[in-house]
Amino acid sequence: MPDVTSLDSGCRRGRSWLRTHPLAFDAGLALAVLACMVTGSFADPHGSRTGPTFGDRTPDATSVLLMVLGAAALVLRRREPLAVLGLTGAVTLAELIADETPAPVAMSAVVALYTVASRTDRPTTWRVGLATMALLTAGAMLFGPTPWYAQENLGVFAWTGMAAAAGDAVRSRRAFVDAIRERAERAERTREEEARRRVAEERLRIARDLHDVVAHHIALVNVQAGVAAHVMDKRPDQAKEALAHVREASRSALNELRATVGLLRQSGDPEAPTEPAPGLAVLDELLATFRHAGLPVELARAADDAGLPAAVDLAAYRIIQEALTNVRKHAGPDAKAEVSVVRVGRTVEITVLDNGTPRAAVATEDGGDDDGGGGDGHGGHGLIGMRERVIALGGSLTAAPRYGGGFRVQAILPATARTGEDT
């Protein structure tokens, strides 16, 4: 017993080969139609009372030539469907007029009409189909050997009508399948574009967090290392304290880097850290690190700044962290800073002030260029990252020098989630 899987695979290969070689398929179809016409030309539908008889008549040379011409035209039915229909219709009419016992040359016209209907539009099918049906049926009724009402004449009308209807149905189904395939491909492209967009946004967010973590802790390490080197010989106790702050800052940086990089792990990687993201709840610890680094910081905050959305809470923490890092790096050794966190209605205002030396920064609000480093003459990412965080949450950011010296950073963030619900 043959293997069903092998037979199915063979059928698929055969169909694939025929799709890639349509001319070979049409040549085989032309031979099959010719064989049917020649076979039908030997049958006499009125041979006896009991039904058609076979072998009572023989087609003449003219009929054979017309059958060959009609079948040969079908080889080009895909390339020139209307021309092939015109030729097969002409040879069918010629056979009806020239022979008293016409051969079934109309088979070639039926196949040609089906091709026209399946490869053109519906208006063309209606016009060409009705014209072909009327012309062939009228020729059979007027020039055929039987009365005009004979069933052979009605058969010509029926076969041409069915050919047009079948071709139109095939064309409609092909268009429907193509539309479904096109929609599926478009949906797949849309999903891929959405996935790429989300990956880019996630990479930007992670890069922003990494910048905030590294810039803050490395600045503290740099300051404390400088202090330790300066007082190592004269005040070793103070140098040891500075090195302890260096060790603590580096440990904090490693922990936050580990938590951030853990977001990039795949599902099969070791479990990522589950520590909560930093927020205003640990603001005192953040300010303590700056105080240990030699930057006096005063804090003014309202009692109702808790319960912010997680994204707003993290953004507020990072903005204060970055602003104080810039103060420590660029405001001078005698600078002091003031931090305020005030909730006003449905917003929370974060303000960081310093009294350091003037810095050449450009005021920005919801956009614009900034120096990012605060006046060192080199472009940075500090203010850019802060602005991106604020804009992503629907808030506003102002960063500008203060009158009389110093710098001011103010961010106004929504105190509600992006869905509009109070938290």
# chains A, B, ... in the order shown; residues from 1 in each chain; ligands from 1
>>> residues_around(residues="A:Ala72", least_positions_apart="6", cutoff="12 Å", atoms="only C-alpha atoms", output="MDAnalysis selection string")
chainID A and resid 23 26:35 65:66 84 87:88 91 105 108:109 112
>>> write_last_selection(atoms="all heavy atoms", output="compact mmCIF listing (two decimals), in the first residue's frame")
# COMPACT_ATOMS: atom_id res chain seq x y z
N LEU A 23 2.83 27.65 -18.80
CA LEU A 23 2.69 27.32 -20.22
C LEU A 23 2.59 25.82 -20.43
O LEU A 23 1.82 25.36 -21.30
CB LEU A 23 3.88 27.89 -21.00
CG LEU A 23 3.72 27.93 -22.52
CD1 LEU A 23 2.57 28.84 -22.91
CD2 LEU A 23 5.03 28.39 -23.18
N ASP A 26 -0.98 24.84 -19.59
CA ASP A 26 -1.92 25.22 -20.64
C ASP A 26 -1.77 24.33 -21.87
O ASP A 26 -2.76 24.03 -22.55
CB ASP A 26 -1.71 26.69 -21.02
CG ASP A 26 -2.12 27.63 -19.90
OD1 ASP A 26 -2.93 27.21 -19.05
OD2 ASP A 26 -1.65 28.79 -19.88
N ALA A 27 -0.55 23.90 -22.16
CA ALA A 27 -0.36 22.98 -23.29
C ALA A 27 -1.04 21.64 -23.01
O ALA A 27 -1.70 21.06 -23.89
CB ALA A 27 1.13 22.77 -23.56
N GLY A 28 -0.91 21.14 -21.77
CA GLY A 28 -1.60 19.90 -21.43
C GLY A 28 -3.11 20.06 -21.47
O GLY A 28 -3.83 19.15 -21.92
N LEU A 29 -3.61 21.21 -21.01
CA LEU A 29 -5.05 21.47 -21.08
C LEU A 29 -5.52 21.52 -22.52
O LEU A 29 -6.61 20.99 -22.85
CB LEU A 29 -5.36 22.78 -20.36
CG LEU A 29 -6.82 23.24 -20.41
CD1 LEU A 29 -7.72 22.24 -19.69
CD2 LEU A 29 -6.97 24.63 -19.81
N ALA A 30 -4.73 22.13 -23.41
CA ALA A 30 -5.11 22.19 -24.83
C ALA A 30 -5.19 20.80 -25.44
O ALA A 30 -6.12 20.49 -26.21
CB ALA A 30 -4.11 23.05 -25.59
N LEU A 31 -4.25 19.93 -25.09
CA LEU A 31 -4.30 18.55 -25.61
C LEU A 31 -5.52 17.81 -25.09
O LEU A 31 -6.18 17.05 -25.83
CB LEU A 31 -3.03 17.81 -25.20
CG LEU A 31 -1.73 18.22 -25.94
CD1 LEU A 31 -0.54 17.48 -25.35
CD2 LEU A 31 -1.86 17.95 -27.43
N ALA A 32 -5.86 18.04 -23.80
CA ALA A 32 -7.04 17.37 -23.24
C ALA A 32 -8.32 17.86 -23.92
O ALA A 32 -9.21 17.06 -24.23
CB ALA A 32 -7.10 17.61 -21.73
N VAL A 33 -8.43 19.16 -24.16
CA VAL A 33 -9.61 19.70 -24.84
C VAL A 33 -9.69 19.18 -26.27
O VAL A 33 -10.78 18.83 -26.75
CB VAL A 33 -9.57 21.25 -24.80
CG1 VAL A 33 -10.68 21.84 -25.68
CG2 VAL A 33 -9.72 21.76 -23.37
N LEU A 34 -8.56 19.11 -26.95
CA LEU A 34 -8.55 18.57 -28.32
C LEU A 34 -9.02 17.11 -28.34
O LEU A 34 -9.81 16.70 -29.21
CB LEU A 34 -7.15 18.68 -28.91
CG LEU A 34 -6.97 18.12 -30.33
CD1 LEU A 34 -7.88 18.86 -31.31
CD2 LEU A 34 -5.51 18.22 -30.77
N ALA A 35 -8.54 16.33 -27.36
CA ALA A 35 -8.97 14.93 -27.31
C ALA A 35 -10.47 14.82 -27.07
O ALA A 35 -11.15 13.98 -27.69
CB ALA A 35 -8.19 14.20 -26.21
N LEU A 65 -9.34 20.58 -38.69
CA LEU A 65 -8.50 21.77 -38.69
C LEU A 65 -9.02 22.81 -37.70
O LEU A 65 -8.24 23.41 -36.94
CB LEU A 65 -8.44 22.36 -40.09
CG LEU A 65 -7.64 23.66 -40.24
CD1 LEU A 65 -6.18 23.43 -39.85
CD2 LEU A 65 -7.73 24.20 -41.67
N LEU A 66 -10.34 23.02 -37.69
CA LEU A 66 -10.90 24.00 -36.76
C LEU A 66 -10.73 23.55 -35.31
O LEU A 66 -10.48 24.38 -34.43
CB LEU A 66 -12.38 24.22 -37.08
CG LEU A 66 -12.68 24.89 -38.42
CD1 LEU A 66 -14.18 24.97 -38.66
CD2 LEU A 66 -12.07 26.29 -38.47
N VAL A 84 -7.63 35.10 -27.44
CA VAL A 84 -7.90 33.67 -27.53
C VAL A 84 -9.41 33.42 -27.57
O VAL A 84 -9.90 32.57 -28.34
CB VAL A 84 -7.25 32.93 -26.35
CG1 VAL A 84 -7.71 31.47 -26.30
CG2 VAL A 84 -5.73 32.98 -26.48
N LEU A 87 -10.62 34.21 -31.06
CA LEU A 87 -10.26 33.19 -32.05
C LEU A 87 -11.10 31.93 -31.88
O LEU A 87 -11.62 31.36 -32.86
CB LEU A 87 -8.77 32.87 -31.92
CG LEU A 87 -8.23 31.78 -32.87
CD1 LEU A 87 -8.47 32.17 -34.32
CD2 LEU A 87 -6.75 31.53 -32.62
N THR A 88 -11.26 31.47 -30.64
CA THR A 88 -12.04 30.24 -30.43
C THR A 88 -13.52 30.48 -30.77
O THR A 88 -14.20 29.57 -31.29
CB THR A 88 -11.92 29.79 -28.97
OG1 THR A 88 -12.27 30.87 -28.09
CG2 THR A 88 -10.49 29.34 -28.67
N VAL A 91 -13.73 30.27 -34.67
CA VAL A 91 -13.68 28.92 -35.24
C VAL A 91 -14.95 28.15 -34.88
O VAL A 91 -15.40 27.28 -35.67
CB VAL A 91 -12.42 28.18 -34.76
CG1 VAL A 91 -11.16 28.87 -35.24
CG2 VAL A 91 -12.40 28.01 -33.26
N VAL A 105 -16.63 22.09 -31.41
CA VAL A 105 -15.53 23.06 -31.29
C VAL A 105 -15.82 24.09 -30.20
O VAL A 105 -14.92 24.75 -29.68
CB VAL A 105 -15.31 23.76 -32.65
CG1 VAL A 105 -14.09 24.68 -32.60
CG2 VAL A 105 -15.12 22.73 -33.75
N SER A 108 -13.62 24.68 -26.85
CA SER A 108 -12.49 25.60 -26.73
C SER A 108 -12.96 27.01 -26.37
O SER A 108 -12.32 27.71 -25.58
CB SER A 108 -11.69 25.62 -28.03
OG SER A 108 -12.51 26.05 -29.12
N ALA A 109 -14.10 27.44 -26.91
CA ALA A 109 -14.64 28.77 -26.57
C ALA A 109 -15.08 28.83 -25.12
O ALA A 109 -14.96 29.86 -24.45
CB ALA A 109 -15.79 29.12 -27.50
N ALA A 112 -11.97 29.24 -23.04
CA ALA A 112 -11.45 30.60 -23.22
C ALA A 112 -12.30 31.62 -22.46
O ALA A 112 -11.77 32.57 -21.87
CB ALA A 112 -11.38 30.94 -24.70
>>> residues_around(residues="A:Leu280", least_positions_apart="3", cutoff="10 Å", atoms="only C-alpha atoms", output="ChimeraX atom specification")
/A:283-286,305-308,312-318,320,341
>>> residues_around(residues="stretch 149-161 of chain A", least_positions_apart="4", cutoff="10 Å", atoms="only C-alpha atoms", output="number ranges by chain")
A: 45, 104, 106-107, 109-114, 129-130, 132-142, 144-145, 165-166
>>> atom_distance(atom1="atom CA of A:Arg301", atom2="atom CA of A:Glu349")
10.0 Å
>>> closest_residue(among="A:Met67, A:Ala98, A:Arg186, A:Asp168", to="A:Phe143", atoms="only C-alpha atoms")
A:Ala98
>>> residues_around(residues="A:Leu397", least_positions_apart="2", cutoff="12 Å", atoms="only C-alpha atoms", output="number ranges by chain")
A: 315-316, 319, 323, 349-352, 363-368, 370, 383-395, 399-400, 408-413
>>> atom_distance(atom1="atom CA of A:Ser340", atom2="atom CA of A:Glu248")
25.7 Å
>>> residues_around(residues="A:Gly167", least_positions_apart="2", cutoff="8 Å", atoms="only C-alpha atoms", output="PyMOL selection string")
chain A and resi 113-119+163-165+169-171
>>> write_last_selection(atoms="all heavy atoms", output="compact mmCIF listing (two decimals), in the first residue's frame")
# COMPACT_ATOMS: atom_id res chain seq x y z
N LEU A 113 -13.63 31.45 -22.47
CA LEU A 113 -14.50 32.37 -21.74
C LEU A 113 -14.26 32.27 -20.23
O LEU A 113 -14.25 33.28 -19.52
CB LEU A 113 -15.96 32.08 -22.07
CG LEU A 113 -17.00 32.97 -21.37
CD1 LEU A 113 -16.74 34.45 -21.68
CD2 LEU A 113 -18.40 32.56 -21.77
N TYR A 114 -14.06 31.07 -19.72
CA TYR A 114 -13.71 30.89 -18.31
C TYR A 114 -12.42 31.64 -17.95
O TYR A 114 -12.33 32.30 -16.91
CB TYR A 114 -13.56 29.40 -17.99
CG TYR A 114 -12.88 29.14 -16.67
CD1 TYR A 114 -13.59 29.15 -15.48
CD2 TYR A 114 -11.51 28.88 -16.61
CE1 TYR A 114 -12.97 28.91 -14.27
CE2 TYR A 114 -10.87 28.65 -15.41
CZ TYR A 114 -11.61 28.67 -14.24
OH TYR A 114 -10.97 28.45 -13.04
N THR A 115 -11.42 31.56 -18.83
CA THR A 115 -10.16 32.24 -18.57
C THR A 115 -10.34 33.76 -18.52
O THR A 115 -9.79 34.44 -17.64
CB THR A 115 -9.14 31.87 -19.66
OG1 THR A 115 -8.99 30.45 -19.71
CG2 THR A 115 -7.80 32.51 -19.38
N VAL A 116 -11.12 34.30 -19.44
CA VAL A 116 -11.36 35.75 -19.44
C VAL A 116 -12.04 36.16 -18.14
O VAL A 116 -11.67 37.16 -17.50
CB VAL A 116 -12.22 36.15 -20.66
CG1 VAL A 116 -12.68 37.60 -20.54
CG2 VAL A 116 -11.42 35.96 -21.94
N ALA A 117 -13.06 35.41 -17.71
CA ALA A 117 -13.78 35.76 -16.49
C ALA A 117 -12.90 35.65 -15.26
O ALA A 117 -13.05 36.44 -14.31
CB ALA A 117 -15.01 34.86 -16.34
N SER A 118 -11.96 34.72 -15.23
CA SER A 118 -11.12 34.52 -14.04
C SER A 118 -9.94 35.47 -13.98
O SER A 118 -9.33 35.62 -12.92
CB SER A 118 -10.61 33.08 -14.00
OG SER A 118 -9.75 32.82 -15.10
N ARG A 119 -9.62 36.14 -15.08
CA ARG A 119 -8.42 36.98 -15.12
C ARG A 119 -8.71 38.45 -15.41
O ARG A 119 -7.77 39.24 -15.58
CB ARG A 119 -7.42 36.44 -16.15
CG ARG A 119 -7.05 34.98 -15.91
CD ARG A 119 -5.95 34.55 -16.85
NE ARG A 119 -4.68 35.14 -16.51
CZ ARG A 119 -3.84 34.67 -15.58
NH1 ARG A 119 -4.18 33.59 -14.88
NH2 ARG A 119 -2.70 35.27 -15.33
N ALA A 163 -19.48 28.83 -17.67
CA ALA A 163 -18.06 29.16 -17.75
C ALA A 163 -17.80 30.57 -17.23
O ALA A 163 -16.84 30.81 -16.46
CB ALA A 163 -17.57 29.02 -19.19
N ALA A 164 -18.66 31.52 -17.62
CA ALA A 164 -18.48 32.89 -17.15
C ALA A 164 -18.68 32.98 -15.64
O ALA A 164 -17.92 33.66 -14.93
CB ALA A 164 -19.44 33.82 -17.88
N ALA A 165 -19.71 32.31 -15.12
CA ALA A 165 -19.98 32.35 -13.68
C ALA A 165 -18.85 31.69 -12.89
O ALA A 165 -18.42 32.21 -11.84
CB ALA A 165 -21.31 31.67 -13.38
N ALA A 169 -16.34 33.51 -10.15
CA ALA A 169 -16.22 33.01 -8.77
C ALA A 169 -14.77 32.74 -8.40
O ALA A 169 -14.32 33.07 -7.29
CB ALA A 169 -17.06 31.74 -8.61
N VAL A 170 -14.02 32.16 -9.32
CA VAL A 170 -12.60 31.90 -9.05
C VAL A 170 -11.84 33.21 -8.86
O VAL A 170 -11.00 33.34 -7.97
CB VAL A 170 -11.99 31.06 -10.18
CG1 VAL A 170 -10.47 31.00 -10.06
CG2 VAL A 170 -12.57 29.65 -10.17
N ARG A 171 -12.13 34.21 -9.71
CA ARG A 171 -11.46 35.50 -9.57
C ARG A 171 -11.78 36.14 -8.21
O ARG A 171 -10.91 36.69 -7.54
CB ARG A 171 -11.88 36.42 -10.71
CG ARG A 171 -11.26 37.82 -10.64
CD ARG A 171 -11.98 38.77 -11.56
NE ARG A 171 -13.41 38.81 -11.26
CZ ARG A 171 -13.94 39.46 -10.24
NH1 ARG A 171 -13.16 40.13 -9.40
NH2 ARG A 171 -15.24 39.44 -10.03
>>> atom_distance(atom1="atom CA of A:Val246", atom2="atom CA of A:Leu353")
25.5 Å
>>> select_by_dssp(residues="stretch 273-363 of chain A", states="helix (DSSP H, G or I)", output="NGL selection string")
:A and (280-292 or 310-330)
>>> write_last_selection(atoms="N, CA, C and O atoms", output="short mmCIF file (atom, residue, chain, number, x, y, z; two decimals), in the first residue's frame")
data_model
loop_
_atom_site.label_atom_id
_atom_site.label_comp_id
_atom_site.auth_asym_id
_atom_site.auth_seq_id
_atom_site.Cartn_x
_atom_site.Cartn_y
_atom_site.Cartn_z
N LEU A 280 11.44 58.70 46.45
CA LEU A 280 11.54 59.74 47.48
C LEU A 280 11.57 59.16 48.88
O LEU A 280 11.96 59.87 49.83
N ALA A 281 11.17 57.90 49.06
CA ALA A 281 11.22 57.30 50.38
C ALA A 281 12.65 57.17 50.90
O ALA A 281 12.89 57.13 52.11
N VAL A 282 13.63 57.10 49.99
CA VAL A 282 15.04 56.98 50.39
C VAL A 282 15.79 58.26 50.03
O VAL A 282 17.01 58.23 49.81
N LEU A 283 15.06 59.38 49.94
CA LEU A 283 15.72 60.65 49.59
C LEU A 283 16.73 61.06 50.65
O LEU A 283 17.79 61.61 50.32
N ASP A 284 16.43 60.80 51.92
CA ASP A 284 17.37 61.19 52.97
C ASP A 284 18.71 60.48 52.82
O ASP A 284 19.78 61.09 53.03
N GLU A 285 18.67 59.20 52.46
CA GLU A 285 19.93 58.47 52.25
C GLU A 285 20.72 59.05 51.09
O GLU A 285 21.95 59.15 51.13
N LEU A 286 20.00 59.47 50.03
CA LEU A 286 20.69 60.08 48.89
C LEU A 286 21.38 61.38 49.29
O LEU A 286 22.56 61.62 48.96
N LEU A 287 20.66 62.24 50.04
CA LEU A 287 21.26 63.51 50.45
C LEU A 287 22.42 63.28 51.41
O LEU A 287 23.39 64.07 51.42
N ALA A 288 22.35 62.22 52.21
CA ALA A 288 23.45 61.93 53.14
C ALA A 288 24.73 61.63 52.38
O ALA A 288 25.82 62.01 52.83
N THR A 289 24.63 60.96 51.24
CA THR A 289 25.85 60.67 50.47
C THR A 289 26.50 61.94 49.97
O THR A 289 27.73 62.05 49.93
N PHE A 290 25.68 62.94 49.58
CA PHE A 290 26.26 64.21 49.13
C PHE A 290 26.86 64.98 50.31
O PHE A 290 27.90 65.64 50.17
N ARG A 291 26.20 64.91 51.46
CA ARG A 291 26.76 65.60 52.62
C ARG A 291 28.09 65.01 53.02
O ARG A 291 29.02 65.74 53.39
N HIS A 292 28.19 63.67 52.94
CA HIS A 292 29.47 63.03 53.24
C HIS A 292 30.54 63.44 52.24
O HIS A 292 31.73 63.45 52.57
N ALA A 310 4.72 55.02 40.64
CA ALA A 310 6.10 54.52 40.66
C ALA A 310 6.99 55.27 39.68
O ALA A 310 8.13 55.62 39.99
N ALA A 311 6.47 55.55 38.46
CA ALA A 311 7.28 56.24 37.46
C ALA A 311 7.60 57.66 37.91
O ALA A 311 8.72 58.15 37.74
N VAL A 312 6.63 58.37 38.50
CA VAL A 312 6.85 59.73 38.98
C VAL A 312 7.82 59.73 40.16
O VAL A 312 8.71 60.58 40.26
N ASP A 313 7.65 58.77 41.06
CA ASP A 313 8.53 58.67 42.24
C ASP A 313 9.98 58.46 41.81
O ASP A 313 10.90 59.11 42.31
N LEU A 314 10.19 57.54 40.87
CA LEU A 314 11.55 57.28 40.38
C LEU A 314 12.11 58.50 39.65
O LEU A 314 13.28 58.85 39.84
N ALA A 315 11.28 59.15 38.81
CA ALA A 315 11.76 60.33 38.08
C ALA A 315 12.16 61.44 39.04
O ALA A 315 13.19 62.11 38.84
N ALA A 316 11.37 61.68 40.09
CA ALA A 316 11.71 62.72 41.06
C ALA A 316 13.05 62.42 41.73
O ALA A 316 13.91 63.31 41.90
N TYR A 317 13.25 61.17 42.11
CA TYR A 317 14.51 60.77 42.75
C TYR A 317 15.69 61.00 41.80
O TYR A 317 16.72 61.56 42.19
N ARG A 318 15.53 60.56 40.54
CA ARG A 318 16.63 60.68 39.59
C ARG A 318 16.93 62.15 39.27
O ARG A 318 18.09 62.52 39.06
N ILE A 319 15.91 62.98 39.18
CA ILE A 319 16.13 64.41 38.89
C ILE A 319 16.93 65.05 40.01
O ILE A 319 17.89 65.80 39.76
N ILE A 320 16.56 64.78 41.25
CA ILE A 320 17.31 65.33 42.39
C ILE A 320 18.74 64.80 42.39
O ILE A 320 19.70 65.55 42.61
N GLN A 321 18.88 63.53 42.12
CA GLN A 321 20.21 62.92 42.10
C GLN A 321 21.09 63.57 41.04
O GLN A 321 22.25 63.93 41.30
N GLU A 322 20.57 63.74 39.83
CA GLU A 322 21.35 64.31 38.75
C GLU A 322 21.66 65.78 38.99
O GLU A 322 22.77 66.26 38.73
N ALA A 323 20.66 66.52 39.50
CA ALA A 323 20.88 67.94 39.76
C ALA A 323 21.96 68.15 40.81
O ALA A 323 22.85 69.01 40.67
N LEU A 324 21.93 67.39 41.89
CA LEU A 324 22.95 67.51 42.93
C LEU A 324 24.32 67.05 42.44
O LEU A 324 25.35 67.59 42.86
N THR A 325 24.33 66.03 41.58
CA THR A 325 25.61 65.61 41.01
C THR A 325 26.23 66.73 40.19
O THR A 325 27.45 66.98 40.27
N ASN A 326 25.41 67.45 39.40
CA ASN A 326 25.92 68.58 38.64
C ASN A 326 26.41 69.69 39.56
O ASN A 326 27.42 70.36 39.28
N VAL A 327 25.70 69.92 40.68
CA VAL A 327 26.15 70.93 41.64
C VAL A 327 27.52 70.56 42.19
O VAL A 327 28.44 71.39 42.27
N ARG A 328 27.66 69.30 42.57
CA ARG A 328 28.94 68.86 43.16
C ARG A 328 30.08 68.94 42.14
O ARG A 328 31.22 69.25 42.51
N LYS A 329 29.79 68.71 40.88
CA LYS A 329 30.83 68.69 39.86
C LYS A 329 31.19 70.07 39.36
O LYS A 329 32.35 70.33 39.01
N HIS A 330 30.21 70.99 39.30
CA HIS A 330 30.45 72.22 38.55
C HIS A 330 30.24 73.51 39.36
O HIS A 330 30.59 74.58 38.86
#
